[in-house]
Amino acid sequence: MSYTGINLENVKNNNRSAILKLLNDQGAMSRKDIASALGLTPATVSVICAELLSLNILCDLGELKEERRAGRKKMLLAINYDRYYVLSVSVESIETVITVSNLRGERAVSHRVKTDTSVSPEEFFRRIANEGKALLWENGIDRISVLGVGVSIPGIVLREEGISTATYRLWEHPVNIRACLQAHLEYPVVVENNVKAFAEAEMIYGSGKEQENLLFLKWGPGVGSSIVIHKQIYESRKFKSAEIGHVIIDRNGKQCRCGRRGCLETLTATHALAEYVRERFNRKSMPQLWALTEGDPERIQARNIREWIDCNDSALWTVLEENINLLAQVVSNTMTMLSPDRTIIYGNMFSIPKLRECFMRCCAQYDPSYNEEYITLSRLSDQIEYIGPLAVVVSEIFLSGRI
């Protein structure tokens with residue numbers, strides 16, 4: 001039997017990754033404190049940090065201000081978040097947002113385009129690649145300053161292959177997104193499901209720094225979810241994560257985009273709520289909404305929900321609360337089973353205060369402890385259009401030590 005020994009390059013990458021993750025989570029630290037926190041020798045930390053400093057990946061912040069003491073002063077090191085940029089592509093059913101940002105998540109520029117499913121996915125992503133190159137060129141960002149391209153998209157994704165196998169309401173067949181983009185771009189491309197990408201962002205930039213077990217809930221055009229257990233995103237062998245939106249509520253209900261009937265999403269997604277309101281719309285019970293729409297039910301659409309949601313007709317809110325309560329019921333049952341440290345909510349619907357407050361009231365009816373300390377709106381909500389694609393690139397290329 002042959003003995004292959006230790007792969008020293010892997011050990012070095014693992015140590016580099018551990019140092020970068022520690023500095024990202026904890027902020028600036030001295031070499032001595034890094035070594036102590038990770039159980040590495042000071043010599044190992046010094047060698048790796050010297051290399052990262054030479055590559056401009058780390059920066060020296062100078063002496064740590066502390067009480068006078070004998071011996072060498074502690075010099076603080078921190079990640080240089082301006083060293084690289086990431087091109088983020090967030091694909092949703094209506095529009096796609098292309099963003100350039102630094103590693104901290106500070107946006108340099110964004111551009112929106114229609115998600116055009118009338119053309120082939122190859123043609124669509126060719127256009128996206130050209131738009132991305134134009135953004136980089138116009139903002140003076142050269143090739144060596146780009147860490148990679150991140151793509152988030154609804155549905156099932158084979159991340160290692162860069163393939164979207166099921167993009168609901170977009171393309172009916174698998175799409176090799178990585179190959180489509182790399183045919184026109186020189187950068188590494190990382191592709192991930194949109195909800196899982198946002199969960200990864202929370203672990204790098206948000207609540208995941210403090211909590212180990214999290215439940216994520218996205219509410220908007222659809223209902224998406226993801227589970228983090230011991231800081232790892234749960235994923236089945238079939239590359240599926242939690243599917244709260246496809247829990248069956250009514251086996252004889254409407255057909256869902258996933259092919260089954262009566263899924264939660266058929267009752268609580270944006271378009272579903274608008275449809276249920278239209279069905280019960282009348283002048284007598286919804287006078288404010290009637291006046292707003294001039295009696296035309298076709299003006300009650302998912303796309304303009306922020307306009308008609310401000311009407312205070314009791315009948316309108318009876319319809320909404322009936323369906324929102326179903327969402328709260330499924331989420332409350334999920335929280336009871338998983339007992340996460342915290343549930344993070346985000347998405348277009350949760351960004352509307354009235355809808356968020358209604359959801360929270362419904363959750364509290366099932367368990368008073370499900371309050372705003374336990375169910376919290378993501379701190380990254382204002383970065384939802386790009387923070388997920390950014391995070392998958394930062395995780396896979398930067399924090400992994402592969403740089």
# chains A, B, ... in the order shown; residues from 1 in each chain; ligands from 1
call {"tool": "residues_around", "arguments": {"residues": "segment 159-163 of chain A", "least_positions_apart": "2", "cutoff": "10 Å", "atoms": "only C-alpha atoms", "output": "JSON, numbers by chain"}}
result
{"A": [151, 156, 157, 165, 166, 174, 175, 176, 177, 178, 179, 180, 189, 190, 191, 192, 193, 239, 392]}
call {"tool": "closest_atom_pairs", "arguments": {"of": "segment 285-387 of chain A", "to": "segment 242-254 of chain A", "cutoff": "10 Å", "atoms": "only C-alpha atoms", "output": "CSV"}}
result
residue,atom,partner,partner_atom,distance
A:Leu326,CA,A:Ile249,CA,8.1
A:Leu327,CA,A:Gly245,CA,8.5
A:Val330,CA,A:Ile244,CA,7.3
A:Val331,CA,A:Ile244,CA,7.5
A:Thr334,CA,A:Ile244,CA,8.3
call {"tool": "select_by_dssp", "arguments": {"residues": "segment 56-122 of chain A", "states": "strand (DSSP E or B)", "output": "number ranges by chain"}}
result
A: 58-63, 75-79, 85-91, 95-102, 107-114
call {"tool": "residues_around", "arguments": {"residues": "Ser17 of chain A", "least_positions_apart": "3", "cutoff": "7 Å", "atoms": "only C-alpha atoms", "output": "number ranges by chain"}}
result
A: 13-14, 20-21, 399-401
call {"tool": "atom_distance", "arguments": {"atom1": "atom CA of Ile352 of chain A", "atom2": "atom CA of Gly262 of chain A"}}
result
25.5 Å
call {"tool": "residues_around", "arguments": {"residues": "segment 268-274 of chain A", "least_positions_apart": "3", "cutoff": "9 Å", "atoms": "only C-alpha atoms", "output": "list in words"}}
result
Trp219, Gly220, Pro221, Gly222, Val223, Gly245, Leu264, Glu265, Val277, Arg278, Glu279, Ile300, Gln301, Ala302, Arg303, Ile305, Val319, Leu320, Asn323, Ile324, Leu326, Leu327 and Met349 of chain A
call {"tool": "select_by_dssp", "arguments": {"residues": "segment 229-386 of chain A", "states": "helix (DSSP H, G or I)", "output": "ChimeraX atom specification"}}
result
/A:244-246,265-268,270-280,287-293,297-299,302-308,314-338,353-366,381-383
call {"tool": "closest_residue", "arguments": {"among": "A:Ala50, A:Val100, A:Ile344, A:Leu77", "to": "Gln211 of chain A", "atoms": "only C-alpha atoms"}}
result
A:Ile344
call {"tool": "atom_distance", "arguments": {"atom1": "atom CA of Asp25 of chain A", "atom2": "atom CA of Lys209 of chain A"}}
result
5.9 Å
